[in-house]
There are 2 protein chains.
Amino acid sequence: MKLRPIGHLHTPFRTLAECPRNGRQLDPAPLCHAVIEAEFLPGLRCIEGFSHLIVLYWLDQAEPRGLSFVPPFDTAERGVFATRAPWRPNPIGLSVVAFDGFAAPERLRLRYLDCVDGTPLLDIKPYLPSVDAEPDAATGWLAPHVGRRTVAR
Amino acid sequence: MKLRPIGHLHTPFRTLAECPRNGRQLDPAPLCHAVIEAEFLPGLRCIEGFSHLIVLYWLDQAEPRGLSFVPPFDTAERGVFATRAPWRPNPIGLSVVAFDGFAAPERLRLRYLDCVDGTPLLDIKPYLPSVDAEPDAATGWLAPHVGRRTVAR
């Protein structure tokens, strides 16, 4: 199970410390870009028209930690699979982003990214509300935090 | 960028041919399970209370194809990043699933999976409507298909 980058993500966040807690925390959300390697450009055919995309990326700067920890905004220990923290057994990041069209044939305009500039991009999928949107989902221990729209990770 | 399974997904679909087009196609959606390896069980702490999860998995049975193709229900060529097809440069599958609690400490009850029985599981993330739900997203070339709630892949 080996991965290879299909491109990179470009954000205004140059270090982990500059990254927001999630991609919706900053208002307005800054413009970001996905830059796709030339060999993968044919895979973008017909992506125009989707307002939102799911991007998967490799959290290459997340240092390994244990499988449970006390989140910074919290007082109890939580398992990593009950959080969106970047230090995960398989450090794959996921963001639902707004797609604002192409800045160049290999350069997609995106909003709502929260990762470090230069993060390796693994996949782009079209967002489909019929299978991806659960607006009434219950958020367990995170409920008091997501209520504030500064979603915890 | 190497991955390791944290467990496996168990579904009623024993072959690719038996898999539905998407996890919401079958009504009622069959009960599926995620079985987590013992060493990763501490990562599940506090996952109770989330009604929905995002699962990432390794599409180990998807044969490689080109970067664009004509989907089976379609007449035009589409780029892989404009589809949810399983043959991708990095074959990571993603499903938003309903979480119906634990059948055993290492066994989660899930609905809305559409993958083959035994698929290697890579990650579980809690679904957060505040960052993951975009119920009004536009679906581009897929719009005529998702309108029928038998979402194309």
# chains A, B, ... in the order shown; residues from 1 in each chain; ligands from 1
>>> closest_atom_pairs(of="chain A", to="chain B", cutoff="8 Å", atoms="only C-alpha atoms", output="Markdown table")
| residue | atom | partner | partner_atom | distance |
| --- | --- | --- | --- | --- |
| A:Met1 | CA | B:Leu3 | CA | 5.5 |
| A:Lys2 | CA | B:Lys2 | CA | 4.9 |
| A:Leu3 | CA | B:Met1 | CA | 5.5 |
| A:Arg4 | CA | B:Asn90 | CA | 6.9 |
| A:Ile6 | CA | B:Pro89 | CA | 7.7 |
| A:Asn22 | CA | B:Val131 | CA | 7.9 |
| A:Gly23 | CA | B:Val131 | CA | 7.5 |
| A:Arg24 | CA | B:Val131 | CA | 6.7 |
| A:Phe40 | CA | B:Leu67 | CA | 7.1 |
| A:Pro42 | CA | B:Leu67 | CA | 5.8 |
| A:Gly43 | CA | B:Gly79 | CA | 3.9 |
| A:Leu44 | CA | B:Gly79 | CA | 5.0 |
| A:Arg45 | CA | B:Gly79 | CA | 4.2 |
| A:Cys46 | CA | B:Arg78 | CA | 5.7 |
| A:Ile47 | CA | B:Ala82 | CA | 4.7 |
| A:Glu48 | CA | B:Gly140 | CA | 6.6 |
| A:Gly49 | CA | B:Gly140 | CA | 3.9 |
| A:Phe50 | CA | B:Gly140 | CA | 4.6 |
| A:Ser51 | CA | B:Ala138 | CA | 5.0 |
| A:His52 | CA | B:Ala137 | CA | 6.1 |
| A:Trp58 | CA | B:Met1 | CA | 7.7 |
| A:Leu67 | CA | B:Gly43 | CA | 4.7 |
| A:Ser68 | CA | B:Gly43 | CA | 5.6 |
| A:Glu77 | CA | B:Arg45 | CA | 7.9 |
| A:Arg78 | CA | B:Arg45 | CA | 5.5 |
| A:Gly79 | CA | B:Gly43 | CA | 3.9 |
| A:Val80 | CA | B:Gly43 | CA | 4.8 |
| A:Phe81 | CA | B:Ile124 | CA | 5.3 |
| A:Ala82 | CA | B:Ile47 | CA | 4.7 |
| A:Thr83 | CA | B:Pro126 | CA | 6.2 |
| A:Arg84 | CA | B:Lys125 | CA | 6.1 |
| A:Arg88 | CA | B:Asp123 | CA | 7.9 |
| A:Pro89 | CA | B:Asp123 | CA | 7.7 |
| A:Asn90 | CA | B:Leu3 | CA | 5.9 |
| A:Ile92 | CA | B:Asp123 | CA | 7.9 |
| A:Ser95 | CA | B:Asp132 | CA | 7.7 |
| A:Val96 | CA | B:Asp132 | CA | 5.8 |
| A:Leu122 | CA | B:Asn90 | CA | 6.3 |
| A:Asp123 | CA | B:Asn90 | CA | 6.6 |
| A:Ile124 | CA | B:Phe81 | CA | 5.3 |
| A:Lys125 | CA | B:Phe81 | CA | 5.3 |
| A:Pro126 | CA | B:Ala82 | CA | 5.5 |
| A:Tyr127 | CA | B:Thr139 | CA | 7.2 |
| A:Leu128 | CA | B:Thr139 | CA | 6.3 |
| A:Pro129 | CA | B:Pro135 | CA | 5.0 |
| A:Ser130 | CA | B:Arg149 | CA | 6.4 |
| A:Val131 | CA | B:Arg24 | CA | 6.7 |
| A:Asp132 | CA | B:Val96 | CA | 5.8 |
| A:Ala133 | CA | B:Ala133 | CA | 4.4 |
| A:Glu134 | CA | B:Ala133 | CA | 5.7 |
| A:Pro135 | CA | B:Pro129 | CA | 5.0 |
| A:Asp136 | CA | B:Pro129 | CA | 6.9 |
| A:Ala137 | CA | B:Ser51 | CA | 5.6 |
| A:Ala138 | CA | B:Ser51 | CA | 5.0 |
| A:Thr139 | CA | B:Phe50 | CA | 4.7 |
| A:Gly140 | CA | B:Gly49 | CA | 3.9 |
| A:Trp141 | CA | B:Gly49 | CA | 6.9 |
| A:Val146 | CA | B:Ser130 | CA | 6.7 |
| A:Arg149 | CA | B:Ser130 | CA | 6.4 |
| A:Val151 | CA | B:Ser130 | CA | 7.2 |
>>> calpha_fit_and_write(fixed="chain A", moving="chain B", output="PDB file with C-alpha atoms, in the first residue's frame")
ATOM      1  CA  MET B   1      -0.002  -0.001   0.013  1.00  0.00           C
ATOM      2  CA  LYS B   2       2.177   2.786  -1.311  1.00  0.00           C
ATOM      3  CA  LEU B   3       1.136   6.294  -2.218  1.00  0.00           C
ATOM      4  CA  ARG B   4       2.514   8.860  -4.642  1.00  0.00           C
ATOM      5  CA  PRO B   5       1.657  12.567  -4.712  1.00  0.00           C
ATOM      6  CA  ILE B   6      -0.505  13.723  -7.619  1.00  0.00           C
ATOM      7  CA  GLY B   7       0.428  17.323  -6.807  1.00  0.00           C
ATOM      8  CA  HIS B   8       0.689  19.711  -3.875  1.00  0.00           C
ATOM      9  CA  LEU B   9      -1.544  22.023  -1.875  1.00  0.00           C
ATOM     10  CA  HIS B  10      -0.656  25.673  -1.490  1.00  0.00           C
ATOM     11  CA  THR B  11      -1.994  27.619   1.463  1.00  0.00           C
ATOM     12  CA  PRO B  12      -1.021  30.818   3.302  1.00  0.00           C
ATOM     13  CA  PHE B  13       0.044  28.690   6.312  1.00  0.00           C
ATOM     14  CA  ARG B  14       3.801  28.257   6.260  1.00  0.00           C
ATOM     15  CA  THR B  15       4.153  26.363   9.534  1.00  0.00           C
ATOM     16  CA  LEU B  16       1.979  24.029  11.589  1.00  0.00           C
ATOM     17  CA  ALA B  17       1.657  26.810  14.160  1.00  0.00           C
ATOM     18  CA  GLU B  18       0.076  29.105  11.559  1.00  0.00           C
ATOM     19  CA  CYS B  19      -2.580  26.569  10.524  1.00  0.00           C
ATOM     20  CA  PRO B  20      -6.124  27.273  11.696  1.00  0.00           C
ATOM     21  CA  ARG B  21      -7.958  24.644  13.732  1.00  0.00           C
ATOM     22  CA  ASN B  22     -10.074  23.824  10.699  1.00  0.00           C
ATOM     23  CA  GLY B  23     -10.685  25.165   7.223  1.00  0.00           C
ATOM     24  CA  ARG B  24     -13.777  27.136   8.202  1.00  0.00           C
ATOM     25  CA  GLN B  25     -12.275  28.928  11.159  1.00  0.00           C
ATOM     26  CA  LEU B  26     -10.960  31.924   9.200  1.00  0.00           C
ATOM     27  CA  ASP B  27     -13.656  34.217   7.846  1.00  0.00           C
ATOM     28  CA  PRO B  28     -13.277  34.990   5.022  1.00  0.00           C
ATOM     29  CA  ALA B  29     -11.546  31.713   4.171  1.00  0.00           C
ATOM     30  CA  PRO B  30      -8.286  32.486   2.329  1.00  0.00           C
ATOM     31  CA  LEU B  31      -7.818  31.431  -1.268  1.00  0.00           C
ATOM     32  CA  CYS B  32      -5.703  28.278  -1.585  1.00  0.00           C
ATOM     33  CA  HIS B  33      -4.588  26.227  -4.581  1.00  0.00           C
ATOM     34  CA  ALA B  34      -4.041  22.645  -5.620  1.00  0.00           C
ATOM     35  CA  VAL B  35      -1.313  22.291  -8.227  1.00  0.00           C
ATOM     36  CA  ILE B  36      -1.490  19.019 -10.166  1.00  0.00           C
ATOM     37  CA  GLU B  37       1.518  17.239 -11.682  1.00  0.00           C
ATOM     38  CA  ALA B  38       1.496  17.266 -15.498  1.00  0.00           C
ATOM     39  CA  GLU B  39       1.071  13.495 -15.816  1.00  0.00           C
ATOM     40  CA  PHE B  40      -2.203  13.572 -13.849  1.00  0.00           C
ATOM     41  CA  LEU B  41      -3.881  16.473 -15.685  1.00  0.00           C
ATOM     42  CA  PRO B  42      -6.111  14.186 -17.820  1.00  0.00           C
ATOM     43  CA  GLY B  43      -7.766  13.114 -14.560  1.00  0.00           C
ATOM     44  CA  LEU B  44      -9.279  16.600 -14.145  1.00  0.00           C
ATOM     45  CA  ARG B  45     -11.482  16.320 -17.222  1.00  0.00           C
ATOM     46  CA  CYS B  46     -15.090  17.411 -16.497  1.00  0.00           C
ATOM     47  CA  ILE B  47     -14.345  18.553 -12.945  1.00  0.00           C
ATOM     48  CA  GLU B  48     -15.774  21.987 -13.800  1.00  0.00           C
ATOM     49  CA  GLY B  49     -19.286  22.316 -12.453  1.00  0.00           C
ATOM     50  CA  PHE B  50     -18.676  20.720  -9.079  1.00  0.00           C
ATOM     51  CA  SER B  51     -18.962  23.431  -6.438  1.00  0.00           C
ATOM     52  CA  HIS B  52     -17.221  21.346  -3.775  1.00  0.00           C
ATOM     53  CA  LEU B  53     -14.511  18.707  -3.780  1.00  0.00           C
ATOM     54  CA  ILE B  54     -13.053  16.295  -1.256  1.00  0.00           C
ATOM     55  CA  VAL B  55      -9.274  16.472  -1.139  1.00  0.00           C
ATOM     56  CA  LEU B  56      -7.094  13.827   0.500  1.00  0.00           C
ATOM     57  CA  TYR B  57      -3.528  14.700   1.387  1.00  0.00           C
ATOM     58  CA  TRP B  58      -0.513  13.379   3.243  1.00  0.00           C
ATOM     59  CA  LEU B  59       0.037  15.009   6.632  1.00  0.00           C
ATOM     60  CA  ASP B  60       3.790  14.882   6.248  1.00  0.00           C
ATOM     61  CA  GLN B  61       4.498  17.264   9.112  1.00  0.00           C
ATOM     62  CA  ALA B  62       2.374  15.565  11.789  1.00  0.00           C
ATOM     63  CA  GLU B  63       4.733  14.038  14.349  1.00  0.00           C
ATOM     64  CA  PRO B  64       3.714  10.566  15.583  1.00  0.00           C
ATOM     65  CA  ARG B  65       1.826  10.444  18.905  1.00  0.00           C
ATOM     66  CA  GLY B  66      -0.070   7.842  20.878  1.00  0.00           C
ATOM     67  CA  LEU B  67      -3.504   6.548  19.965  1.00  0.00           C
ATOM     68  CA  SER B  68      -5.241   8.676  22.579  1.00  0.00           C
ATOM     69  CA  PHE B  69      -4.497  12.095  24.030  1.00  0.00           C
ATOM     70  CA  VAL B  70      -6.068  15.135  25.646  1.00  0.00           C
ATOM     71  CA  PRO B  71      -6.945  17.634  22.885  1.00  0.00           C
ATOM     72  CA  PRO B  72      -5.665  21.184  23.560  1.00  0.00           C
ATOM     73  CA  PHE B  73      -9.163  22.639  24.120  1.00  0.00           C
ATOM     74  CA  ASP B  74     -10.349  19.701  26.232  1.00  0.00           C
ATOM     75  CA  THR B  75      -9.800  18.035  29.614  1.00  0.00           C
ATOM     76  CA  ALA B  76     -10.396  14.334  28.875  1.00  0.00           C
ATOM     77  CA  GLU B  77      -8.462  11.779  26.878  1.00  0.00           C
ATOM     78  CA  ARG B  78      -9.904  11.001  23.431  1.00  0.00           C
ATOM     79  CA  GLY B  79      -9.003   8.293  20.941  1.00  0.00           C
ATOM     80  CA  VAL B  80      -7.478   9.513  17.705  1.00  0.00           C
ATOM     81  CA  PHE B  81     -10.335   7.986  15.644  1.00  0.00           C
ATOM     82  CA  ALA B  82     -12.765  10.192  17.612  1.00  0.00           C
ATOM     83  CA  THR B  83     -10.792  13.304  16.564  1.00  0.00           C
ATOM     84  CA  ARG B  84      -9.634  15.004  13.385  1.00  0.00           C
ATOM     85  CA  ALA B  85      -6.121  15.408  14.765  1.00  0.00           C
ATOM     86  CA  PRO B  86      -3.351  15.135  12.129  1.00  0.00           C
ATOM     87  CA  TRP B  87      -1.258  12.554  14.005  1.00  0.00           C
ATOM     88  CA  ARG B  88      -2.943   9.318  12.909  1.00  0.00           C
ATOM     89  CA  PRO B  89      -1.714   5.754  12.240  1.00  0.00           C
ATOM     90  CA  ASN B  90      -2.182   6.567   8.535  1.00  0.00           C
ATOM     91  CA  PRO B  91      -1.707  10.344   8.331  1.00  0.00           C
ATOM     92  CA  ILE B  92      -4.217  11.025   5.561  1.00  0.00           C
ATOM     93  CA  GLY B  93      -5.873  14.434   5.825  1.00  0.00           C
ATOM     94  CA  LEU B  94      -9.320  15.143   4.410  1.00  0.00           C
ATOM     95  CA  SER B  95     -10.972  18.464   3.634  1.00  0.00           C
ATOM     96  CA  VAL B  96     -14.282  19.317   2.029  1.00  0.00           C
ATOM     97  CA  VAL B  97     -13.375  22.406   0.012  1.00  0.00           C
ATOM     98  CA  ALA B  98     -15.134  24.942  -2.175  1.00  0.00           C
ATOM     99  CA  PHE B  99     -13.900  24.730  -5.773  1.00  0.00           C
ATOM    100  CA  ASP B 100     -13.702  28.161  -7.400  1.00  0.00           C
ATOM    101  CA  GLY B 101     -12.484  27.108 -10.833  1.00  0.00           C
ATOM    102  CA  PHE B 102      -9.073  27.013 -12.496  1.00  0.00           C
ATOM    103  CA  ALA B 103      -6.364  29.643 -12.125  1.00  0.00           C
ATOM    104  CA  ALA B 104      -4.378  27.734 -14.778  1.00  0.00           C
ATOM    105  CA  PRO B 105      -4.846  24.278 -16.388  1.00  0.00           C
ATOM    106  CA  GLU B 106      -2.912  22.620 -13.535  1.00  0.00           C
ATOM    107  CA  ARG B 107      -4.015  24.988 -10.738  1.00  0.00           C
ATOM    108  CA  LEU B 108      -7.356  24.718  -8.931  1.00  0.00           C
ATOM    109  CA  ARG B 109      -8.692  27.522  -6.729  1.00  0.00           C
ATOM    110  CA  LEU B 110      -9.860  26.116  -3.393  1.00  0.00           C
ATOM    111  CA  ARG B 111     -11.195  27.465  -0.109  1.00  0.00           C
ATOM    112  CA  TYR B 112     -11.394  25.804   3.332  1.00  0.00           C
ATOM    113  CA  LEU B 113      -7.973  24.157   3.422  1.00  0.00           C
ATOM    114  CA  ASP B 114      -6.210  24.179   6.782  1.00  0.00           C
ATOM    115  CA  CYS B 115      -2.949  22.370   6.003  1.00  0.00           C
ATOM    116  CA  VAL B 116       0.621  23.597   5.716  1.00  0.00           C
ATOM    117  CA  ASP B 117       1.789  25.087   2.410  1.00  0.00           C
ATOM    118  CA  GLY B 118       3.360  22.408   0.218  1.00  0.00           C
ATOM    119  CA  THR B 119       1.377  19.465   1.610  1.00  0.00           C
ATOM    120  CA  PRO B 120       1.460  16.486  -0.828  1.00  0.00           C
ATOM    121  CA  LEU B 121      -1.909  15.901  -2.510  1.00  0.00           C
ATOM    122  CA  LEU B 122      -3.140  12.293  -2.834  1.00  0.00           C
ATOM    123  CA  ASP B 123      -6.604  12.426  -4.371  1.00  0.00           C
ATOM    124  CA  ILE B 124      -9.462  14.677  -5.457  1.00  0.00           C
ATOM    125  CA  LYS B 125     -13.033  13.397  -5.440  1.00  0.00           C
ATOM    126  CA  PRO B 126     -16.205  15.245  -6.428  1.00  0.00           C
ATOM    127  CA  TYR B 127     -18.408  16.075  -3.431  1.00  0.00           C
ATOM    128  CA  LEU B 128     -21.839  14.463  -3.772  1.00  0.00           C
ATOM    129  CA  PRO B 129     -24.452  15.705  -1.281  1.00  0.00           C
ATOM    130  CA  SER B 130     -26.529  12.564  -1.824  1.00  0.00           C
ATOM    131  CA  VAL B 131     -23.860  10.406  -0.169  1.00  0.00           C
ATOM    132  CA  ASP B 132     -21.574  12.915   1.607  1.00  0.00           C
ATOM    133  CA  ALA B 133     -23.893  15.435   3.305  1.00  0.00           C
ATOM    134  CA  GLU B 134     -25.273  14.562   6.727  1.00  0.00           C
ATOM    135  CA  PRO B 135     -26.168  18.017   8.069  1.00  0.00           C
ATOM    136  CA  ASP B 136     -27.932  16.628  11.147  1.00  0.00           C
ATOM    137  CA  ALA B 137     -25.168  14.235  12.246  1.00  0.00           C
ATOM    138  CA  ALA B 138     -24.570  14.031  15.997  1.00  0.00           C
ATOM    139  CA  THR B 139     -21.054  14.993  17.043  1.00  0.00           C
ATOM    140  CA  GLY B 140     -20.568  13.175  20.351  1.00  0.00           C
ATOM    141  CA  TRP B 141     -17.956  14.646  22.696  1.00  0.00           C
ATOM    142  CA  LEU B 142     -17.163  17.363  20.127  1.00  0.00           C
ATOM    143  CA  ALA B 143     -20.709  18.804  20.230  1.00  0.00           C
ATOM    144  CA  PRO B 144     -19.881  21.699  22.613  1.00  0.00           C
ATOM    145  CA  HIS B 145     -16.942  22.655  20.394  1.00  0.00           C
ATOM    146  CA  VAL B 146     -18.467  22.347  16.929  1.00  0.00           C
ATOM    147  CA  GLY B 147     -21.432  24.345  18.187  1.00  0.00           C
ATOM    148  CA  ARG B 148     -19.133  27.342  18.077  1.00  0.00           C
ATOM    149  CA  ARG B 149     -18.227  26.676  14.425  1.00  0.00           C
ATOM    150  CA  THR B 150     -14.582  26.599  15.471  1.00  0.00           C
ATOM    151  CA  VAL B 151     -14.495  22.877  15.034  1.00  0.00           C
ATOM    152  CA  ALA B 152     -11.948  21.122  17.177  1.00  0.00           C
ATOM    153  CA  ARG B 153      -9.182  18.920  15.879  1.00  0.00           C
TER     154      ARG B 153
END
>>> select_by_dssp(residues="chain A", states="strand (DSSP E)", output="ChimeraX atom specification")
/A:7-10,32-36,52-58,68-69,78-79,92-104,107-111,119-126
>>> select_by_dssp(residues="chain A", states="helix (DSSP H, G or I)", output="list of chain:residue names")
A:Leu16, A:Ala17, A:Glu18, A:Ala38, A:Glu39, A:Phe40, A:Leu41, A:Pro42, A:Gly43, A:Leu44, A:Val80, A:Phe81, A:Ala82, A:Pro129, A:Ser130, A:Val131, A:Asp132, A:Gly140, A:Trp141, A:Leu142, A:Ala143, A:Pro144, A:His145, A:Val146
